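As provided, input_0.txt (compact mmCIF, C-alpha atoms and all ligand atoms) reads as follows.
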# COMPACT_ATOMS: atom_id res chain seq x y z
CA MET A 1477 27.13 51.62 61.06
CA THR A 1478 29.39 53.29 58.61
CA MET A 1479 31.54 56.19 59.71
CA VAL A 1480 30.70 58.22 56.64
CA ALA A 1481 28.08 60.94 57.14
CA LEU A 1482 28.00 62.21 53.61
CA GLN A 1483 29.49 61.18 50.32
CA THR A 1484 29.09 62.51 46.82
CA HIS A 1485 30.40 61.29 43.53
CA ALA A 1486 30.56 63.57 40.47
CA LEU A 1487 27.56 65.46 41.81
CA SER A 1488 26.42 68.03 39.25
CA LYS A 1489 23.60 70.44 38.63
CA ILE A 1490 22.88 72.23 35.40
CA PHE A 1491 20.07 74.79 35.31
CA THR A 1492 18.41 75.68 32.06
CA VAL A 1493 17.66 79.38 32.03
CA LYS A 1494 15.75 81.46 29.56
CA GLN A 1495 17.97 83.98 27.80
CA LYS A 1496 16.74 87.57 27.91
CA ARG A 1497 17.30 89.72 24.87
CA ALA A 1498 17.88 93.43 25.22
CA GLY A 1499 15.27 96.10 24.43
CA LEU A 1500 11.55 95.93 23.74
CA THR A 1501 11.75 94.01 20.45
CA GLY A 1502 14.22 91.74 22.21
CA SER A 1503 11.75 91.10 25.04
CA ILE A 1504 9.00 90.33 22.58
CA ARG A 1505 11.21 87.99 20.57
CA SER A 1506 12.20 86.27 23.83
CA LEU A 1507 8.51 85.71 24.55
CA ILE A 1508 7.72 84.30 21.14
CA LYS A 1509 10.83 82.26 20.62
CA PRO A 1510 12.70 81.81 23.88
CA GLN A 1511 16.36 80.93 23.77
CA TRP A 1512 17.69 78.64 26.44
CA GLU A 1513 21.06 78.61 28.01
CA GLU A 1514 22.69 76.08 30.29
CA LYS A 1515 24.08 77.27 33.57
CA ILE A 1516 26.42 74.82 35.30
CA ALA A 1517 25.94 75.51 39.02
CA VAL A 1518 27.69 72.43 40.42
CA LYS A 1519 30.31 70.59 38.41
CA GLY A 1520 31.28 67.08 39.44
CA ILE A 1521 31.76 67.39 43.18
CA ASP A 1522 33.45 64.48 44.99
CA LEU A 1523 33.23 64.89 48.70
CA THR A 1524 33.34 62.66 51.76
CA VAL A 1525 32.54 63.85 55.26
CA GLN A 1526 33.01 61.52 58.22
CA ARG A 1527 30.57 61.31 61.09
CA GLY A 1528 31.31 63.83 63.78
CA GLU A 1529 33.38 66.03 61.48
CA MET A 1530 32.78 69.78 61.31
CA VAL A 1531 33.48 70.96 57.79
CA ALA A 1532 33.42 74.48 56.40
CA PHE A 1533 32.02 74.72 52.89
CA LEU A 1534 33.34 77.96 51.46
CA GLY A 1535 33.26 79.88 48.23
CA PRO A 1536 32.35 83.25 46.72
CA ASN A 1537 28.79 84.23 45.78
CA GLY A 1538 27.45 82.03 43.05
CA ALA A 1539 30.07 79.31 43.60
CA GLY A 1540 27.40 76.65 44.02
CA LYS A 1541 27.17 76.26 47.80
CA SER A 1542 23.40 76.57 48.12
CA THR A 1543 22.78 74.37 45.11
CA THR A 1544 25.00 71.67 46.61
CA ILE A 1545 23.27 71.91 49.99
CA LYS A 1546 19.86 71.74 48.31
CA MET A 1547 20.88 68.50 46.62
CA LEU A 1548 22.29 67.10 49.86
CA THR A 1549 19.06 67.85 51.70
CA GLY A 1550 16.91 66.47 48.88
CA ILE A 1551 15.31 69.75 47.82
CA LEU A 1552 16.87 69.55 44.35
CA HIS A 1553 17.52 66.64 42.03
CA PRO A 1554 21.03 66.61 40.58
CA SER A 1555 21.51 66.60 36.82
CA SER A 1556 23.99 63.78 37.25
CA GLY A 1557 26.13 62.14 39.87
CA GLU A 1558 25.37 60.56 43.20
CA ALA A 1559 25.12 61.39 46.86
CA GLN A 1560 24.56 59.43 50.02
CA VAL A 1561 23.67 61.32 53.16
CA LEU A 1562 23.49 59.20 56.32
CA GLY A 1563 23.14 56.23 54.00
CA LEU A 1564 20.18 57.70 52.09
CA THR A 1565 19.85 59.20 48.64
CA PRO A 1566 18.53 62.63 49.56
CA TRP A 1567 16.27 63.37 46.58
CA ARG A 1568 14.74 59.88 46.66
CA GLU A 1569 14.35 59.58 50.43
CA ARG A 1570 13.84 63.17 51.40
CA ALA A 1571 11.19 62.59 54.06
CA LYS A 1572 13.16 59.85 55.77
CA LEU A 1573 16.29 61.98 55.67
CA ALA A 1574 14.47 64.94 57.20
CA TYR A 1575 14.14 63.03 60.46
CA ARG A 1576 17.91 62.66 60.70
CA ILE A 1577 19.21 66.02 59.58
CA GLY A 1578 18.75 69.58 60.74
CA ALA A 1579 19.27 72.93 59.08
CA VAL A 1580 19.74 76.47 60.30
CA PHE A 1581 19.78 79.36 57.87
CA GLY A 1582 20.99 82.60 59.43
CA GLN A 1583 18.89 84.56 56.98
CA LYS A 1584 15.73 82.50 57.24
CA SER A 1585 13.80 81.56 60.34
CA GLN A 1586 12.22 78.22 61.09
CA LEU A 1587 10.51 79.68 64.15
CA TRP A 1588 6.89 80.77 63.88
CA TYR A 1589 7.18 84.53 63.83
CA HIS A 1590 4.10 85.35 65.88
CA LEU A 1591 4.44 82.49 68.33
CA PRO A 1592 6.71 82.23 71.33
CA PRO A 1593 9.62 79.76 70.96
CA ILE A 1594 8.02 77.28 73.34
CA ASP A 1595 5.22 76.75 70.79
CA THR A 1596 7.76 76.17 68.03
CA PHE A 1597 9.39 73.47 70.17
CA ASP A 1598 5.96 71.82 70.49
CA LEU A 1599 5.12 72.11 66.81
CA ILE A 1600 8.51 70.79 65.73
CA SER A 1601 8.23 67.88 68.16
CA ARG A 1602 4.93 66.92 66.52
CA ILE A 1603 6.35 67.27 63.03
CA TYR A 1604 9.14 64.87 64.00
CA GLU A 1605 6.69 62.66 65.93
CA LEU A 1606 8.89 62.67 69.01
CA ASP A 1607 7.96 60.54 71.98
CA ARG A 1608 6.24 62.89 74.47
CA SER A 1609 8.32 62.24 77.56
CA GLU A 1610 11.59 62.04 75.64
CA TYR A 1611 10.65 65.28 73.94
CA ALA A 1612 10.00 67.07 77.23
CA ALA A 1613 13.36 65.99 78.63
CA ARG A 1614 15.22 66.97 75.48
CA ARG A 1615 13.44 70.33 75.29
CA ASN A 1616 14.21 71.13 78.89
CA ASP A 1617 17.83 70.21 78.43
CA LEU A 1618 18.14 72.49 75.39
CA ILE A 1619 16.33 75.33 77.14
CA GLU A 1620 18.75 75.11 80.01
CA ARG A 1621 21.84 74.75 77.87
CA PHE A 1622 20.96 77.59 75.51
CA GLU A 1623 19.62 79.66 78.43
CA LEU A 1624 16.31 80.27 76.72
CA GLY A 1625 14.20 80.53 79.86
CA PRO A 1626 13.62 84.28 79.72
CA TYR A 1627 12.49 84.24 76.06
CA LEU A 1628 10.35 81.13 75.91
CA ASN A 1629 7.03 82.87 76.14
CA ILE A 1630 7.78 85.98 74.14
CA PRO A 1631 6.64 86.02 70.50
CA VAL A 1632 9.64 85.48 68.25
CA ARG A 1633 9.05 88.75 66.41
CA LYS A 1634 9.84 90.62 69.62
CA LEU A 1635 13.17 88.86 70.25
CA SER A 1636 16.54 90.33 69.38
CA LEU A 1637 18.46 88.66 66.56
CA GLY A 1638 20.85 87.05 69.05
CA GLU A 1639 18.04 85.67 71.19
CA ARG A 1640 16.27 84.40 68.13
CA MET A 1641 19.39 82.66 66.77
CA ARG A 1642 19.93 80.89 70.09
CA CYS A 1643 16.35 79.62 69.81
CA GLU A 1644 16.85 78.64 66.14
CA ILE A 1645 19.87 76.53 66.88
CA ALA A 1646 18.35 74.97 69.99
CA VAL A 1647 15.22 74.03 68.02
CA SER A 1648 17.34 72.52 65.25
CA PHE A 1649 18.85 70.11 67.80
CA LEU A 1650 15.47 68.99 69.14
CA HIS A 1651 15.14 65.80 67.09
CA ARG A 1652 18.82 64.90 67.64
CA PRO A 1653 19.92 65.31 64.04
CA GLN A 1654 23.02 63.33 63.11
CA LEU A 1655 23.97 65.95 60.55
CA LEU A 1656 23.39 69.67 60.79
CA PHE A 1657 23.61 72.15 57.93
CA LEU A 1658 24.49 75.60 59.22
CA ASP A 1659 24.30 78.47 56.78
CA GLU A 1660 25.77 81.71 58.16
CA PRO A 1661 24.71 80.84 61.72
CA THR A 1662 26.29 83.90 63.33
CA ILE A 1663 25.50 86.53 60.70
CA GLY A 1664 24.68 89.91 62.23
CA LEU A 1665 25.42 88.87 65.80
CA ASP A 1666 27.73 90.63 68.24
CA VAL A 1667 31.01 89.05 69.30
CA VAL A 1668 29.77 87.77 72.64
CA VAL A 1669 26.70 86.05 71.20
CA LYS A 1670 28.79 84.64 68.33
CA GLN A 1671 31.20 83.09 70.82
CA ARG A 1672 28.40 81.60 72.87
CA ILE A 1673 26.72 80.10 69.82
CA ARG A 1674 29.99 78.57 68.66
CA GLU A 1675 30.58 77.11 72.12
CA LEU A 1676 27.13 75.53 72.13
CA ILE A 1677 27.63 74.02 68.68
CA ARG A 1678 31.00 72.62 69.74
CA GLU A 1679 29.45 71.19 72.87
CA VAL A 1680 26.67 69.36 71.06
CA ASN A 1681 29.13 68.14 68.41
CA LYS A 1682 31.34 66.69 71.11
CA GLU A 1683 28.63 65.14 73.22
CA GLU A 1684 26.37 63.83 70.49
CA GLY A 1685 28.80 63.41 67.61
CA THR A 1686 26.67 65.63 65.37
CA THR A 1687 28.28 66.17 61.98
CA VAL A 1688 28.30 69.84 61.01
CA PHE A 1689 28.39 71.21 57.47
CA LEU A 1690 28.91 74.94 57.72
CA THR A 1691 28.81 77.83 55.30
CA SER A 1692 30.04 81.16 56.57
CA HIS A 1693 31.76 84.39 55.64
CA ASP A 1694 32.90 84.66 59.24
CA ALA A 1695 36.49 83.60 59.76
CA GLY A 1696 35.79 82.94 63.43
CA ASP A 1697 33.09 80.40 62.61
CA VAL A 1698 35.47 78.51 60.36
CA GLU A 1699 38.48 78.74 62.62
CA GLU A 1700 36.74 77.97 65.89
CA LEU A 1701 34.38 75.28 64.67
CA CYS A 1702 35.92 73.48 61.74
CA SER A 1703 38.99 71.35 61.36
CA ARG A 1704 38.58 71.09 57.62
CA ALA A 1705 37.58 73.43 54.84
CA VAL A 1706 36.30 72.68 51.38
CA VAL A 1707 36.52 75.60 49.01
CA ILE A 1708 34.40 75.61 45.88
CA HIS A 1709 34.54 77.93 42.93
CA HIS A 1710 32.58 77.85 39.66
CA GLY A 1711 30.83 74.72 40.94
CA GLY A 1712 33.99 72.66 41.43
CA ILE A 1713 36.19 71.88 44.41
CA LEU A 1714 39.21 74.15 44.45
CA LEU A 1715 40.69 72.93 47.70
CA ASP A 1716 39.86 70.42 50.40
CA ALA A 1717 42.26 70.72 53.30
CA PRO A 1718 42.65 71.03 57.05
CA VAL A 1719 41.95 74.61 58.15
CA ASP A 1720 45.53 75.16 59.28
CA ARG A 1721 46.87 73.96 55.94
CA LEU A 1722 44.46 76.27 54.17
CA LYS A 1723 46.13 79.17 55.90
CA ARG A 1724 49.45 78.22 54.42
CA GLU A 1725 48.34 77.18 50.97
CA VAL A 1726 45.76 79.73 49.99
CA LEU A 1727 47.93 82.72 50.64
CA SER A 1728 51.40 81.19 50.81
CA ARG A 1729 52.17 84.04 53.12
CA LYS A 1730 53.68 84.10 56.58
CA ILE A 1731 53.70 86.91 59.08
CA ILE A 1732 56.87 87.67 61.04
CA SER A 1733 56.30 89.58 64.28
CA LEU A 1734 59.36 91.18 65.81
CA THR A 1735 60.23 93.08 68.91
CA LEU A 1736 63.37 95.09 68.22
CA ALA A 1737 65.83 96.59 70.68
CA SER A 1738 64.99 100.23 71.26
CA GLY A 1739 66.42 102.92 69.03
CA PHE A 1740 66.16 100.94 65.81
CA ASP A 1741 66.05 102.71 62.49
CA PRO A 1742 62.80 101.90 60.67
CA THR A 1743 64.29 102.82 57.30
CA MET A 1744 66.53 99.78 57.73
CA LEU A 1745 63.55 97.42 57.63
CA PRO A 1746 63.74 94.95 54.76
CA SER A 1747 62.52 96.08 51.40
CA GLN A 1748 63.59 92.97 49.54
CA VAL A 1749 61.28 91.32 47.01
CA GLY A 1750 58.49 89.36 48.67
CA THR A 1751 58.41 91.28 51.94
CA GLU A 1752 55.95 93.89 53.10
CA VAL A 1753 56.11 95.85 56.33
CA LEU A 1754 52.56 95.70 57.66
CA LYS A 1755 52.88 97.62 60.88
CA VAL A 1756 55.42 99.49 63.00
CA GLU A 1757 54.20 100.20 66.51
CA GLY A 1758 56.88 101.37 68.88
CA ARG A 1759 59.40 98.55 68.91
CA ARG A 1760 56.99 96.02 67.46
CA VAL A 1761 57.07 95.32 63.75
CA LYS A 1762 54.98 93.02 61.57
CA ILE A 1763 56.31 91.90 58.23
CA ALA A 1764 54.48 89.78 55.66
CA VAL A 1765 56.56 87.35 53.65
CA ASP A 1766 55.39 86.04 50.29
CA LEU A 1767 56.72 82.50 50.17
CA GLN A 1768 56.47 82.38 46.42
CA GLN A 1769 59.06 85.10 46.11
CA THR A 1770 61.36 84.53 49.04
CA ASP A 1771 61.63 82.39 52.14
CA ILE A 1772 61.49 82.92 55.87
CA GLU A 1773 65.17 82.07 56.38
CA ALA A 1774 66.30 84.75 53.94
CA VAL A 1775 64.16 87.42 55.57
CA LEU A 1776 65.12 86.44 59.11
CA GLY A 1777 68.76 86.37 58.02
CA SER A 1778 68.68 89.92 56.77
CA LEU A 1779 66.81 91.06 59.89
CA ILE A 1780 69.34 89.47 62.21
CA GLY A 1781 72.09 91.15 60.20
CA ARG A 1782 70.61 94.60 60.75
CA PHE A 1783 68.86 94.64 64.11
CA ARG A 1784 69.07 93.40 67.64
CA LEU A 1785 65.97 91.25 67.99
CA GLU A 1786 64.37 90.76 71.37
CA ASP A 1787 61.59 88.51 70.17
CA VAL A 1788 60.52 86.83 66.94
CA THR A 1789 57.45 84.81 66.03
CA VAL A 1790 56.43 83.44 62.67
CA GLU A 1791 52.71 82.94 62.14
CA ASP A 1792 50.23 81.95 59.52
CA PRO A 1793 48.06 84.82 58.36
CA PRO A 1794 44.82 85.28 60.28
CA MET A 1795 41.80 83.34 59.05
CA GLU A 1796 40.12 86.66 58.38
CA GLU A 1797 42.55 87.37 55.59
CA ILE A 1798 42.03 83.95 54.07
CA ILE A 1799 38.27 84.29 54.08
CA THR A 1800 38.51 87.70 52.46
CA HIS A 1801 40.81 86.20 49.90
CA ILE A 1802 38.54 83.23 49.18
CA TYR A 1803 35.33 85.20 49.03
CA GLY A 1804 36.77 88.45 47.78
CA SER A 1805 38.90 87.59 44.81
CA GLY A 1806 36.70 84.79 43.60
CA GLY A 1807 38.62 81.81 44.82
CA GLY A 1808 42.15 82.82 43.94
N1 LIG B 1901 17.09 77.95 40.17
C1 LIG B 1901 18.11 78.40 39.47
N2 LIG B 1901 18.00 78.64 38.16
C2 LIG B 1901 19.05 79.08 37.43
N3 LIG B 1901 20.27 79.31 37.93
C3 LIG B 1901 20.46 79.09 39.23
C4 LIG B 1901 19.40 78.63 40.08
N4 LIG B 1901 19.90 78.49 41.33
C5 LIG B 1901 21.18 78.86 41.27
N5 LIG B 1901 21.53 79.22 40.01
C6 LIG B 1901 22.87 79.67 39.57
O1 LIG B 1901 23.81 78.69 39.93
C7 LIG B 1901 25.02 79.28 40.41
C8 LIG B 1901 25.32 78.79 41.82
O2 LIG B 1901 24.38 79.35 42.72
P1 LIG B 1901 24.35 79.05 44.28
O3 LIG B 1901 23.16 79.73 44.82
O4 LIG B 1901 24.46 77.58 44.50
O5 LIG B 1901 25.67 79.76 44.77
P2 LIG B 1901 26.17 80.05 46.26
O6 LIG B 1901 27.57 79.57 46.32
O7 LIG B 1901 25.22 79.48 47.22
O8 LIG B 1901 26.14 81.63 46.30
P3 LIG B 1901 25.79 82.65 47.51
O9 LIG B 1901 26.99 82.70 48.39
O10 LIG B 1901 25.57 83.92 46.77
O11 LIG B 1901 24.55 82.14 48.18
C9 LIG B 1901 24.81 80.78 40.32
O12 LIG B 1901 25.40 81.25 39.15
C10 LIG B 1901 23.30 80.93 40.26
O13 LIG B 1901 22.93 82.07 39.54

Please re-express this file's structure in structure tokens.
Ligand SMILES: Nc1ncnc2c1ncn2[C@@H]1O[C@H](COP(=O)(O)OP(=O)(O)OP(=O)(O)O)[C@@H](O)[C@H]1O
Amino acid sequence: MTMVALQTHALSKIFTVKQKRAGLTGSIRSLIKPQWEEKIAVKGIDLTVQRGEMVAFLGPNGAGKSTTIKMLTGILHPSSGEAQVLGLTPWRERAKLAYRIGAVFGQKSQLWYHLPPIDTFDLISRIYELDRSEYAARRNDLIERFELGPYLNIPVRKLSLGERMRCEIAVSFLHRPQLLFLDEPTIGLDVVVKQRIRELIREVNKEEGTTVFLTSHDAGDVEELCSRAVVIHHGGILLDAPVDRLKREVLSRKIISLTLASGFDPTMLPSQVGTEVLKVEGRRVKIAVDLQQTDIEAVLGSLIGRFRLEDVTVEDPPMEEIITHIYGSGGG
């Protein structure tokens, strides 16, 4: 068995969309003689994900994330290029692939809205033609792990979002998918539930080697689940790097945190090019350093020259900032 979960080569998707003309005469002309325009949604993506890896697939709105995932799950045919997912060509072997992959969309439910979760487990087990006794054992294990006992018999529509998401993710693991697509799995959840959901995903990944392909605007999801991030923009891969390297490369910024001896003069804080004082709180000071304009040694040097330092740490910027940067400014 190969160690590759997913591999694409020059994967592309071009949509042909009808052009709308402005105004009433424009609308009528568009009806009579439509003009077509090509929209390149995904542009030659080369990507390899190993089995057991948890990869974040990031990019601003319209970057091509959904289109890529639709091709990888066999919902869409590509315009050109290739993909192998668990050794199958998704759009040619979609049904076969469906038995081996799972998908959770934070915004869309796969649970039957008017039925209690226990019925969804049953229905899904029949869709996947699971062996009855194996199914019962698996279901019970997931119910216990995800602590679903109290909700099992309550119609899904009456559950809170957090309760529902726990059920969604548990159900998605029922047929032991080797690869799981997670799209905004923690959207709208409170911090405690988010943490718990991440823990459970990590647990299953570790125990069952499930490959996870995640899309999220939540820095915590990326940082706590994924070791690697792939950033796409305008349909192409902008960056494919370990999450910790992403922190350094995307922003090329470092944060210096200082504790100064009491009685320091804040006006003496560095104002040299490439530095920015982010926060002064009592004796604690945070300074951002833009590594394209200056370097850490120079800034530390000038600080040591002016102050008595009691403590110094140099950190990468928080993931939050990177996510905002990636999603906010359109890829950077
Ligand atoms: N069926 C379609 N017909 C025409 N254009 C489409 C279609 N689906 C997507 N597009 C276009 O392709 C581009 C990529 O869209 P896609 O939905 O893949 O982006 P995304 O990264 O998933 O964005 P978001 O974060 O907003 O979900 C967008 O410009 C979108 O308008």

Q: Kindly work out which residues sit at most 7 Å from ligand LIG 1901 (chain B), using only C-alpha atoms and all ligand atoms, and give the list as a list in words.
A: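 Going residue by residue within 7 Å of ligand LIG 1901 (chain B), we get Phe1491, Thr1492, Val1493, Lys1515, Ile1516, Ala1517, Val1518, Gly1535, Pro1536, Asn1537, Gly1538, Ala1539, Gly1540, Lys1541, Ser1542, Thr1543, Thr1544 and Gly1711 of chain A.
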
Q: For Ala1612 (chain A), please output as a list of chain:residue names all residues within 12 Å (counting all atoms listed in the file; exclusion window: fewer than 6 positions along the same chain).
A: A:Ile1594, A:Phe1597, A:Asp1598, A:Ser1601, A:Arg1602, A:Leu1606, A:Leu1618, A:Ile1619, A:Leu1650, A:His1651

Q.
Counting all atoms listed in the file, which residue out of A:Gly1664, A:Pro1566, A:Pro1793, A:Gly1804 sits closest to Gln1483 (chain A)?
A.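 Between A:Gly1664, A:Pro1566, A:Pro1793, A:Gly1804, the residue approaching Gln1483 (chain A) most closely is A:Pro1566.
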
Interface rows for region 1654-1765 of chain A against region 1622-1641 of chain A: nearest pair, Å to one decimal, 10 Å, all atoms listed in the file, as CSV:
residue,atom,partner,partner_atom,distance
A:Pro1661,CA,A:Met1641,CA,7.6
A:Thr1662,CA,A:Met1641,CA,7.8
A:Ile1663,CA,A:Leu1637,CA,9.4
A:Gly1664,CA,A:Leu1637,CA,7.7
A:Leu1665,CA,A:Gly1638,CA,5.9
A:Asp1666,CA,A:Gly1638,CA,7.8
A:Val1668,CA,A:Gly1638,CA,9.6
A:Val1669,CA,A:Gly1638,CA,6.3
A:Lys1670,CA,A:Gly1638,CA,8.3
A:Arg1672,CA,A:Phe1622,CA,8.9
A:Ile1673,CA,A:Met1641,CA,8.3
A:Leu1676,CA,A:Phe1622,CA,7.3

(Q) Considering only C-alpha atoms, can you say which of A:Val1756, A:Ile1780, A:Leu1523, A:Met1479 comes closest to Gly1563 (chain A)? (A)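 Ranked by minimum distance to Gly1563 (chain A), first place goes to A:Met1479.
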
What would region 1531-1560 of chain A look like with N, CA and C atoms in place, written as a PDB file, keeping the file's coordinate frame?
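File produced: out36.pdb:
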ATOM      1  N   VAL A1531      32.843  70.537  59.033  1.00  0.00           N
ATOM      2  CA  VAL A1531      33.480  70.960  57.790  1.00  0.00           C
ATOM      3  C   VAL A1531      32.933  72.310  57.348  1.00  0.00           C
ATOM      4  N   ALA A1532      33.842  73.192  56.958  1.00  0.00           N
ATOM      5  CA  ALA A1532      33.420  74.480  56.400  1.00  0.00           C
ATOM      6  C   ALA A1532      33.334  74.334  54.889  1.00  0.00           C
ATOM      7  N   PHE A1533      32.240  74.795  54.326  1.00  0.00           N
ATOM      8  CA  PHE A1533      32.020  74.720  52.890  1.00  0.00           C
ATOM      9  C   PHE A1533      32.013  76.158  52.373  1.00  0.00           C
ATOM     10  N   LEU A1534      33.119  76.547  51.748  1.00  0.00           N
ATOM     11  CA  LEU A1534      33.340  77.960  51.460  1.00  0.00           C
ATOM     12  C   LEU A1534      33.417  78.233  49.964  1.00  0.00           C
ATOM     13  N   GLY A1535      33.137  79.472  49.625  1.00  0.00           N
ATOM     14  CA  GLY A1535      33.260  79.880  48.230  1.00  0.00           C
ATOM     15  C   GLY A1535      32.562  81.207  48.014  1.00  0.00           C
ATOM     16  N   PRO A1536      32.967  81.937  46.980  1.00  0.00           N
ATOM     17  CA  PRO A1536      32.350  83.250  46.720  1.00  0.00           C
ATOM     18  C   PRO A1536      30.892  83.117  46.295  1.00  0.00           C
ATOM     19  N   ASN A1537      30.184  84.228  46.239  1.00  0.00           N
ATOM     20  CA  ASN A1537      28.790  84.230  45.780  1.00  0.00           C
ATOM     21  C   ASN A1537      28.689  83.537  44.437  1.00  0.00           C
ATOM     22  N   GLY A1538      27.692  82.690  44.323  1.00  0.00           N
ATOM     23  CA  GLY A1538      27.450  82.030  43.050  1.00  0.00           C
ATOM     24  C   GLY A1538      28.338  80.821  42.784  1.00  0.00           C
ATOM     25  N   ALA A1539      29.133  80.427  43.785  1.00  0.00           N
ATOM     26  CA  ALA A1539      30.070  79.310  43.600  1.00  0.00           C
ATOM     27  C   ALA A1539      29.349  77.971  43.493  1.00  0.00           C
ATOM     28  N   GLY A1540      28.146  77.904  44.070  1.00  0.00           N
ATOM     29  CA  GLY A1540      27.400  76.650  44.020  1.00  0.00           C
ATOM     30  C   GLY A1540      27.137  76.028  45.385  1.00  0.00           C
ATOM     31  N   LYS A1541      27.355  76.792  46.431  1.00  0.00           N
ATOM     32  CA  LYS A1541      27.170  76.260  47.800  1.00  0.00           C
ATOM     33  C   LYS A1541      25.704  75.896  48.062  1.00  0.00           C
ATOM     34  N   SER A1542      24.815  76.841  47.830  1.00  0.00           N
ATOM     35  CA  SER A1542      23.400  76.570  48.120  1.00  0.00           C
ATOM     36  C   SER A1542      22.869  75.431  47.262  1.00  0.00           C
ATOM     37  N   THR A1543      23.255  75.427  46.001  1.00  0.00           N
ATOM     38  CA  THR A1543      22.780  74.370  45.110  1.00  0.00           C
ATOM     39  C   THR A1543      23.236  73.003  45.623  1.00  0.00           C
ATOM     40  N   THR A1544      24.488  72.930  46.065  1.00  0.00           N
ATOM     41  CA  THR A1544      25.000  71.670  46.610  1.00  0.00           C
ATOM     42  C   THR A1544      24.204  71.267  47.852  1.00  0.00           C
ATOM     43  N   ILE A1545      24.000  72.217  48.755  1.00  0.00           N
ATOM     44  CA  ILE A1545      23.270  71.910  49.990  1.00  0.00           C
ATOM     45  C   ILE A1545      21.832  71.489  49.679  1.00  0.00           C
ATOM     46  N   LYS A1546      21.225  72.136  48.683  1.00  0.00           N
ATOM     47  CA  LYS A1546      19.860  71.740  48.310  1.00  0.00           C
ATOM     48  C   LYS A1546      19.819  70.309  47.783  1.00  0.00           C
ATOM     49  N   MET A1547      20.859  69.890  47.090  1.00  0.00           N
ATOM     50  CA  MET A1547      20.880  68.500  46.620  1.00  0.00           C
ATOM     51  C   MET A1547      21.117  67.546  47.801  1.00  0.00           C
ATOM     52  N   LEU A1548      21.977  67.968  48.713  1.00  0.00           N
ATOM     53  CA  LEU A1548      22.290  67.100  49.860  1.00  0.00           C
ATOM     54  C   LEU A1548      21.120  66.963  50.826  1.00  0.00           C
ATOM     55  N   THR A1549      20.215  67.940  50.808  1.00  0.00           N
ATOM     56  CA  THR A1549      19.060  67.850  51.700  1.00  0.00           C
ATOM     57  C   THR A1549      17.825  67.346  50.932  1.00  0.00           C
ATOM     58  N   GLY A1550      17.995  67.080  49.651  1.00  0.00           N
ATOM     59  CA  GLY A1550      16.910  66.470  48.880  1.00  0.00           C
ATOM     60  C   GLY A1550      15.922  67.455  48.281  1.00  0.00           C
ATOM     61  N   ILE A1551      16.214  68.742  48.381  1.00  0.00           N
ATOM     62  CA  ILE A1551      15.310  69.750  47.820  1.00  0.00           C
ATOM     63  C   ILE A1551      15.415  69.768  46.301  1.00  0.00           C
ATOM     64  N   LEU A1552      16.620  69.545  45.798  1.00  0.00           N
ATOM     65  CA  LEU A1552      16.870  69.550  44.350  1.00  0.00           C
ATOM     66  C   LEU A1552      17.369  68.194  43.874  1.00  0.00           C
ATOM     67  N   HIS A1553      16.963  67.823  42.699  1.00  0.00           N
ATOM     68  CA  HIS A1553      17.520  66.640  42.030  1.00  0.00           C
ATOM     69  C   HIS A1553      18.795  67.050  41.319  1.00  0.00           C
ATOM     70  N   PRO A1554      19.833  66.265  41.369  1.00  0.00           N
ATOM     71  CA  PRO A1554      21.030  66.610  40.580  1.00  0.00           C
ATOM     72  C   PRO A1554      20.783  66.317  39.105  1.00  0.00           C
ATOM     73  N   SER A1555      21.581  66.918  38.243  1.00  0.00           N
ATOM     74  CA  SER A1555      21.510  66.600  36.820  1.00  0.00           C
ATOM     75  C   SER A1555      22.215  65.294  36.553  1.00  0.00           C
ATOM     76  N   SER A1556      23.290  65.062  37.324  1.00  0.00           N
ATOM     77  CA  SER A1556      23.990  63.780  37.250  1.00  0.00           C
ATOM     78  C   SER A1556      24.814  63.606  38.511  1.00  0.00           C
ATOM     79  N   GLY A1557      25.318  62.417  38.697  1.00  0.00           N
ATOM     80  CA  GLY A1557      26.130  62.140  39.870  1.00  0.00           C
ATOM     81  C   GLY A1557      25.314  61.536  40.992  1.00  0.00           C
ATOM     82  N   GLU A1558      26.010  61.245  42.083  1.00  0.00           N
ATOM     83  CA  GLU A1558      25.370  60.560  43.200  1.00  0.00           C
ATOM     84  C   GLU A1558      25.689  61.217  44.524  1.00  0.00           C
ATOM     85  N   ALA A1559      24.835  60.959  45.486  1.00  0.00           N
ATOM     86  CA  ALA A1559      25.120  61.390  46.860  1.00  0.00           C
ATOM     87  C   ALA A1559      24.443  60.439  47.832  1.00  0.00           C
ATOM     88  N   GLN A1560      25.126  60.187  48.914  1.00  0.00           N
ATOM     89  CA  GLN A1560      24.560  59.430  50.020  1.00  0.00           C
ATOM     90  C   GLN A1560      24.707  60.300  51.253  1.00  0.00           C
TER      91      GLN A1560
END
